[in-house]
Structures are given as C-alpha cells and as structure tokens.
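Shown below: data-v1.pdb, with PDB, N, CA and C atoms.
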ATOM      1  N   MET A   1      10.323   4.866   9.540
ATOM      2  CA  MET A   1       9.991   3.516   9.936
ATOM      3  C   MET A   1      10.997   2.569   9.285
ATOM      4  N   ASN A   2      11.550   1.671  10.073
ATOM      5  CA  ASN A   2      12.483   0.714   9.493
ATOM      6  C   ASN A   2      11.813  -0.653   9.360
ATOM      7  N   PHE A   3      12.452  -1.532   8.609
ATOM      8  CA  PHE A   3      11.848  -2.822   8.302
ATOM      9  C   PHE A   3      11.626  -3.660   9.556
ATOM     10  N   GLU A   4      12.528  -3.582  10.495
ATOM     11  CA  GLU A   4      12.390  -4.341  11.740
ATOM     12  C   GLU A   4      11.109  -3.942  12.480
ATOM     13  N   ASN A   5      10.826  -2.646  12.550
ATOM     14  CA  ASN A   5       9.607  -2.178  13.212
ATOM     15  C   ASN A   5       8.354  -2.624  12.469
ATOM     16  N   ILE A   6       8.418  -2.678  11.163
ATOM     17  CA  ILE A   6       7.274  -3.131  10.374
ATOM     18  C   ILE A   6       6.978  -4.592  10.672
ATOM     19  N   ILE A   7       8.008  -5.416  10.745
ATOM     20  CA  ILE A   7       7.818  -6.835  11.075
ATOM     21  C   ILE A   7       7.242  -6.979  12.485
ATOM     22  N   ILE A   8       7.716  -6.185  13.420
ATOM     23  CA  ILE A   8       7.169  -6.227  14.781
ATOM     24  C   ILE A   8       5.702  -5.809  14.784
ATOM     25  N   ASP A   9       5.336  -4.827  13.955
ATOM     26  CA  ASP A   9       3.936  -4.423  13.848
ATOM     27  C   ASP A   9       3.070  -5.551  13.297
ATOM     28  N   CYS A  10       3.637  -6.399  12.450
ATOM     29  CA  CYS A  10       2.888  -7.565  11.958
ATOM     30  C   CYS A  10       2.462  -8.448  13.126
ATOM     31  N   ILE A  11       3.357  -8.638  14.067
ATOM     32  CA  ILE A  11       3.039  -9.446  15.253
ATOM     33  C   ILE A  11       1.985  -8.731  16.088
ATOM     34  N   ARG A  12       2.182  -7.456  16.307
ATOM     35  CA  ARG A  12       1.285  -6.661  17.152
ATOM     36  C   ARG A  12      -0.149  -6.669  16.640
ATOM     37  N   TYR A  13      -0.326  -6.666  15.330
ATOM     38  CA  TYR A  13      -1.669  -6.563  14.762
ATOM     39  C   TYR A  13      -2.219  -7.884  14.234
ATOM     40  N   SER A  14      -1.496  -8.976  14.428
ATOM     41  CA  SER A  14      -2.004 -10.274  13.988
ATOM     42  C   SER A  14      -3.084 -10.762  14.951
ATOM     43  N   ASP A  15      -3.910 -11.685  14.496
ATOM     44  CA  ASP A  15      -5.030 -12.174  15.304
ATOM     45  C   ASP A  15      -4.602 -12.702  16.661
ATOM     46  N   GLY A  16      -3.545 -13.478  16.700
ATOM     47  CA  GLY A  16      -3.100 -14.067  17.954
ATOM     48  C   GLY A  16      -2.046 -13.254  18.678
ATOM     49  N   ILE A  17      -1.714 -12.080  18.123
ATOM     50  CA  ILE A  17      -0.651 -11.223  18.647
ATOM     51  C   ILE A  17       0.611 -12.054  18.894
ATOM     52  N   SER A  18       0.981 -12.830  17.879
ATOM     53  CA  SER A  18       2.162 -13.683  17.996
ATOM     54  C   SER A  18       2.846 -13.795  16.637
ATOM     55  N   ALA A  19       4.088 -14.243  16.676
ATOM     56  CA  ALA A  19       4.828 -14.472  15.432
ATOM     57  C   ALA A  19       4.168 -15.584  14.626
ATOM     58  N   THR A  20       3.603 -16.571  15.308
ATOM     59  CA  THR A  20       2.948 -17.680  14.614
ATOM     60  C   THR A  20       1.727 -17.196  13.838
ATOM     61  N   SER A  21       0.888 -16.377  14.469
ATOM     62  CA  SER A  21      -0.301 -15.886  13.771
ATOM     63  C   SER A  21       0.069 -14.926  12.641
ATOM     64  N   ALA A  22       1.123 -14.142  12.819
ATOM     65  CA  ALA A  22       1.586 -13.260  11.742
ATOM     66  C   ALA A  22       2.095 -14.089  10.565
ATOM     67  N   ALA A  23       2.867 -15.121  10.857
ATOM     68  CA  ALA A  23       3.394 -15.995   9.805
ATOM     69  C   ALA A  23       2.256 -16.657   9.037
ATOM     70  N   GLN A  24       1.241 -17.112   9.754
ATOM     71  CA  GLN A  24       0.099 -17.761   9.099
ATOM     72  C   GLN A  24      -0.607 -16.799   8.160
ATOM     73  N   PHE A  25      -0.800 -15.553   8.590
ATOM     74  CA  PHE A  25      -1.460 -14.560   7.751
ATOM     75  C   PHE A  25      -0.661 -14.313   6.478
ATOM     76  N   ILE A  26       0.652 -14.218   6.617
ATOM     77  CA  ILE A  26       1.523 -13.930   5.469
ATOM     78  C   ILE A  26       1.656 -15.153   4.568
ATOM     79  N   GLY A  27       1.553 -16.346   5.155
ATOM     80  CA  GLY A  27       1.629 -17.570   4.368
ATOM     81  C   GLY A  27       2.997 -18.227   4.390
ATOM     82  N   VAL A  28       3.706 -18.068   5.502
ATOM     83  CA  VAL A  28       5.026 -18.684   5.658
ATOM     84  C   VAL A  28       5.069 -19.408   6.997
ATOM     85  N   THR A  29       6.116 -20.180   7.215
ATOM     86  CA  THR A  29       6.267 -20.861   8.495
ATOM     87  C   THR A  29       6.726 -19.872   9.562
ATOM     88  N   GLN A  30       6.525 -20.246  10.805
ATOM     89  CA  GLN A  30       6.967 -19.402  11.909
ATOM     90  C   GLN A  30       8.483 -19.279  11.898
ATOM     91  N   SER A  31       9.159 -20.346  11.499
ATOM     92  CA  SER A  31      10.620 -20.328  11.413
ATOM     93  C   SER A  31      11.099 -19.298  10.390
ATOM     94  N   THR A  32      10.464 -19.279   9.243
ATOM     95  CA  THR A  32      10.820 -18.306   8.203
ATOM     96  C   THR A  32      10.569 -16.886   8.696
ATOM     97  N   PHE A  33       9.419 -16.682   9.310
ATOM     98  CA  PHE A  33       9.084 -15.361   9.841
ATOM     99  C   PHE A  33      10.113 -14.930  10.887
ATOM    100  N   GLY A  34      10.532 -15.865  11.727
ATOM    101  CA  GLY A  34      11.551 -15.579  12.741
ATOM    102  C   GLY A  34      12.873 -15.170  12.120
ATOM    103  N   LYS A  35      13.228 -15.776  11.003
ATOM    104  CA  LYS A  35      14.469 -15.393  10.310
ATOM    105  C   LYS A  35      14.360 -13.989   9.745
ATOM    106  N   TRP A  36      13.159 -13.613   9.281
ATOM    107  CA  TRP A  36      12.953 -12.245   8.799
ATOM    108  C   TRP A  36      13.102 -11.260   9.941
ATOM    109  N   ARG A  37      12.582 -11.613  11.119
ATOM    110  CA  ARG A  37      12.691 -10.730  12.290
ATOM    111  C   ARG A  37      14.144 -10.479  12.656
ATOM    112  N   ARG A  38      14.979 -11.456  12.429
ATOM    113  CA  ARG A  38      16.409 -11.350  12.758
ATOM    114  C   ARG A  38      17.246 -11.169  11.486
ATOM    115  N   TYR A  39      16.722 -10.416  10.530
ATOM    116  CA  TYR A  39      17.385 -10.292   9.226
ATOM    117  C   TYR A  39      18.813  -9.769   9.343
ATOM    118  N   LYS A  40      19.110  -8.980  10.355
ATOM    119  CA  LYS A  40      20.483  -8.471  10.509
ATOM    120  C   LYS A  40      21.443  -9.616  10.823
ATOM    121  N   GLU A  41      20.969 -10.617  11.521
ATOM    122  CA  GLU A  41      21.793 -11.790  11.851
ATOM    123  C   GLU A  41      21.749 -12.844  10.747
ATOM    124  N   THR A  42      20.555 -13.060  10.195
ATOM    125  CA  THR A  42      20.357 -14.174   9.265
ATOM    126  C   THR A  42      20.569 -13.802   7.801
ATOM    127  N   GLY A  43      20.394 -12.519   7.482
ATOM    128  CA  GLY A  43      20.465 -12.105   6.080
ATOM    129  C   GLY A  43      19.262 -12.559   5.273
ATOM    130  N   ARG A  44      18.222 -13.027   5.944
ATOM    131  CA  ARG A  44      17.018 -13.536   5.265
ATOM    132  C   ARG A  44      15.954 -12.451   5.201
ATOM    133  N   PHE A  45      15.360 -12.311   4.032
ATOM    134  CA  PHE A  45      14.309 -11.325   3.790
ATOM    135  C   PHE A  45      13.142 -12.001   3.093
ATOM    136  N   PRO A  46      11.961 -11.428   3.220
ATOM    137  CA  PRO A  46      10.827 -11.978   2.488
ATOM    138  C   PRO A  46      11.010 -11.780   0.984
ATOM    139  N   ASN A  47      10.318 -12.601   0.227
ATOM    140  CA  ASN A  47      10.249 -12.370  -1.211
ATOM    141  C   ASN A  47       9.391 -11.125  -1.435
ATOM    142  N   PRO A  48       9.639 -10.381  -2.491
ATOM    143  CA  PRO A  48       8.850  -9.170  -2.730
ATOM    144  C   PRO A  48       7.337  -9.416  -2.759
ATOM    145  N   GLU A  49       6.890 -10.583  -3.194
ATOM    146  CA  GLU A  49       5.445 -10.840  -3.232
ATOM    147  C   GLU A  49       4.829 -10.922  -1.834
ATOM    148  N   HIS A  50       5.629 -11.129  -0.807
ATOM    149  CA  HIS A  50       5.115 -11.145   0.569
ATOM    150  C   HIS A  50       4.876  -9.732   1.109
ATOM    151  N   LEU A  51       5.437  -8.737   0.479
ATOM    152  CA  LEU A  51       5.354  -7.371   1.002
ATOM    153  C   LEU A  51       3.928  -6.834   1.042
ATOM    154  N   VAL A  52       3.080  -7.270   0.133
ATOM    155  CA  VAL A  52       1.686  -6.813   0.133
ATOM    156  C   VAL A  52       0.985  -7.272   1.406
ATOM    157  N   ARG A  53       1.153  -8.528   1.771
ATOM    158  CA  ARG A  53       0.534  -9.036   3.000
ATOM    159  C   ARG A  53       1.177  -8.434   4.245
ATOM    160  N   ILE A  54       2.478  -8.206   4.198
ATOM    161  CA  ILE A  54       3.154  -7.558   5.321
ATOM    162  C   ILE A  54       2.583  -6.152   5.522
ATOM    163  N   ALA A  55       2.390  -5.425   4.438
ATOM    164  CA  ALA A  55       1.811  -4.072   4.532
ATOM    165  C   ALA A  55       0.396  -4.141   5.098
ATOM    166  N   LYS A  56      -0.397  -5.043   4.593
ATOM    167  CA  LYS A  56      -1.777  -5.164   5.054
ATOM    168  C   LYS A  56      -1.828  -5.497   6.543
ATOM    169  N   LEU A  57      -1.032  -6.437   6.978
ATOM    170  CA  LEU A  57      -1.051  -6.874   8.373
ATOM    171  C   LEU A  57      -0.462  -5.815   9.308
ATOM    172  N   SER A  58       0.598  -5.172   8.887
ATOM    173  CA  SER A  58       1.284  -4.204   9.766
ATOM    174  C   SER A  58       0.561  -2.868   9.851
ATOM    175  N   GLY A  59      -0.323  -2.594   8.897
ATOM    176  CA  GLY A  59      -1.032  -1.318   8.885
ATOM    177  C   GLY A  59      -0.255  -0.196   8.226
ATOM    178  N   HIS A  60       0.845  -0.523   7.573
ATOM    179  CA  HIS A  60       1.654   0.484   6.888
ATOM    180  C   HIS A  60       1.314   0.490   5.401
ATOM    181  N   GLU A  61       1.519   1.639   4.784
ATOM    182  CA  GLU A  61       1.323   1.762   3.340
ATOM    183  C   GLU A  61       2.332   0.866   2.617
ATOM    184  N   LEU A  62       1.918   0.310   1.489
ATOM    185  CA  LEU A  62       2.804  -0.568   0.728
ATOM    186  C   LEU A  62       4.087   0.149   0.325
ATOM    187  N   GLY A  63       3.996   1.378  -0.103
ATOM    188  CA  GLY A  63       5.185   2.132  -0.495
ATOM    189  C   GLY A  63       6.177   2.289   0.648
ATOM    190  N   GLU A  64       5.674   2.496   1.848
ATOM    191  CA  GLU A  64       6.527   2.618   3.021
ATOM    192  C   GLU A  64       7.220   1.292   3.320
ATOM    193  N   VAL A  65       6.476   0.192   3.190
ATOM    194  CA  VAL A  65       7.040  -1.143   3.435
ATOM    195  C   VAL A  65       8.126  -1.452   2.407
ATOM    196  N   VAL A  66       7.846  -1.162   1.148
ATOM    197  CA  VAL A  66       8.826  -1.434   0.085
ATOM    198  C   VAL A  66      10.090  -0.604   0.300
ATOM    199  N   ALA A  67       9.937   0.674   0.643
ATOM    200  CA  ALA A  67      11.107   1.530   0.867
ATOM    201  C   ALA A  67      11.924   1.032   2.061
ATOM    202  N   ALA A  68      11.262   0.635   3.148
ATOM    203  CA  ALA A  68      11.972   0.118   4.324
ATOM    204  C   ALA A  68      12.670  -1.197   3.991
ATOM    205  N   TYR A  69      12.015  -2.042   3.212
ATOM    206  CA  TYR A  69      12.583  -3.317   2.764
ATOM    207  C   TYR A  69      13.849  -3.076   1.947
ATOM    208  N   MET A  70      13.762  -2.147   1.004
ATOM    209  CA  MET A  70      14.916  -1.848   0.155
ATOM    210  C   MET A  70      16.059  -1.242   0.974
ATOM    211  N   ALA A  71      15.733  -0.365   1.928
ATOM    212  CA  ALA A  71      16.770   0.228   2.783
ATOM    213  C   ALA A  71      17.477  -0.856   3.585
ATOM    214  N   ALA A  72      16.714  -1.818   4.108
ATOM    215  CA  ALA A  72      17.307  -2.897   4.905
ATOM    216  C   ALA A  72      18.227  -3.772   4.064
ATOM    217  N   ARG A  73      17.931  -3.899   2.780
ATOM    218  CA  ARG A  73      18.721  -4.773   1.903
ATOM    219  C   ARG A  73      19.919  -4.080   1.269
ATOM    220  N   CYS A  74      19.997  -2.758   1.360
ATOM    221  CA  CYS A  74      21.060  -2.003   0.684
ATOM    222  C   CYS A  74      22.399  -2.115   1.394
ATOM    223  N   ASP A  75      23.431  -2.220   0.608
ATOM    224  CA  ASP A  75      24.794  -2.166   1.133
ATOM    225  C   ASP A  75      25.364  -0.757   1.026
ATOM    226  N   SER A  76      24.904  -0.019   0.040
ATOM    227  CA  SER A  76      25.402   1.336  -0.193
ATOM    228  C   SER A  76      24.769   2.311   0.801
ATOM    229  N   PRO A  77      25.595   3.035   1.573
ATOM    230  CA  PRO A  77      25.043   3.991   2.537
ATOM    231  C   PRO A  77      24.188   5.082   1.885
ATOM    232  N   GLU A  78      24.577   5.527   0.689
ATOM    233  CA  GLU A  78      23.816   6.575   0.007
ATOM    234  C   GLU A  78      22.439   6.071  -0.404
ATOM    235  N   ALA A  79      22.392   4.876  -0.957
ATOM    236  CA  ALA A  79      21.113   4.298  -1.362
ATOM    237  C   ALA A  79      20.249   4.002  -0.138
ATOM    238  N   LYS A  80      20.871   3.507   0.911
ATOM    239  CA  LYS A  80      20.149   3.208   2.156
ATOM    240  C   LYS A  80      19.475   4.470   2.692
ATOM    241  N   ARG A  81      20.201   5.581   2.730
ATOM    242  CA  ARG A  81      19.631   6.843   3.210
ATOM    243  C   ARG A  81      18.468   7.287   2.328
ATOM    244  N   ALA A  82      18.620   7.147   1.022
ATOM    245  CA  ALA A  82      17.553   7.556   0.104
ATOM    246  C   ALA A  82      16.282   6.741   0.352
ATOM    247  N   TYR A  83      16.419   5.441   0.518
ATOM    248  CA  TYR A  83      15.249   4.599   0.802
ATOM    249  C   TYR A  83      14.659   4.919   2.171
ATOM    250  N   GLU A  84      15.502   5.176   3.156
ATOM    251  CA  GLU A  84      15.005   5.524   4.489
ATOM    252  C   GLU A  84      14.188   6.809   4.463
ATOM    253  N   GLU A  85      14.611   7.756   3.649
ATOM    254  CA  GLU A  85      13.849   9.005   3.504
ATOM    255  C   GLU A  85      12.484   8.741   2.880
ATOM    256  N   LEU A  86      12.439   7.817   1.931
ATOM    257  CA  LEU A  86      11.154   7.455   1.313
ATOM    258  C   LEU A  86      10.233   6.768   2.315
ATOM    259  N   ALA A  87      10.804   5.972   3.194
ATOM    260  CA  ALA A  87      10.014   5.220   4.163
ATOM    261  C   ALA A  87       9.520   6.099   5.309
ATOM    262  N   ALA A  88      10.144   7.244   5.508
ATOM    263  CA  ALA A  88       9.775   8.110   6.650
ATOM    264  C   ALA A  88       8.444   8.807   6.434
TER     265      ALA A  88
END
Now, as a test, write the supplied structure out as structure tokens.
Amino acid sequence: MNFENIIIDCIRYSDGISATSAAQFIGVTQSTFGKWRRYKETGRFPNPEHLVRIAKLSGHELGEVVAAYMAARCDSPEAKRAYEELAA
C-alpha cells in the first residue's frame, strides 16, 4: 500500500465521501488535504501527528500508514524499498 492510496481511502471512507469531509475529520483545510493528495507535485505531507487520524479514517493500521508515509518522503531508493516492504 502506498501513501497516495491511503489518502484516497480517507476520502472513500469519510462521512461525505469527499476530500472536504476527510479533511474535516483529520482537522485540516480542504486545501491542505488536496496538497497532501498531490504530494508528488507539491512536496507537502501531513505532520506526523495527523497520521493517527489518517490511519483511523482510512481503515489501515497505523504502522502501515507510517511506513507508507516514510517511503513517500524518502529520497534514498534503498530506504524507500525498505519502508515499502514494511507497508506491504
């Protein structure tokens, strides 16, 4: 599971099935949430304290969310692969 899919699952399982309702649950603006969705373009990621709510909303284990988050943020291919294996 990659971080992008986890963020999409937040939308899928939010009350309104929208980015706005997911953002409200997590406690950020819709604009901020949108930047997280496009992290490859924007370079914007949630603060680590948001990961607990992201895990709860997306239905993924916290450890899986943290590993996917770290893989998405890594520049080193070796470290990225190691985190991806943890998230799988």
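In this comparison, which uses all atoms listed in the file, the residue of A:Ala79, A:Ala72, A:Ala22, A:Ala88 approaching Cys10 of chain A most closely is A:Ala22.
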Would you kindly translate the PyMOL selection byres (((chain A and resi 36 and name CA) around 12) and name CA) into the concrete residues it picks from this file, as a count of residues only?
35
Could you write out, as a ChimeraX atom specification, all the residues of segment 7-78 of chain A that DSSP marks as helix (DSSP H, G or I)?
/A:7-13,19-26,30-37,39-42,48-58,62-73,77-78
Quick one: residues within 12 Å of Val52 of chain A, only C-alpha atoms counted, chain neighbours fewer than 5 positions away excluded, as JSON, numbers by chain?
{"A": [10, 25, 26, 27, 46, 47, 57, 58, 59, 60, 61, 62, 63, 64, 65, 66, 69]}
Using atom C of Pro48 of chain A and atom C of Ala71 of chain A as the two end points, give the distance in Å to one decimal.
14.7 Å
Residues matched by the PyMOL selection byres (((chain A and resi 86 and name CA) around 9) and name CA), written as a PyMOL selection string:
chain A and resi 63-64+67-68+81-85+87-88
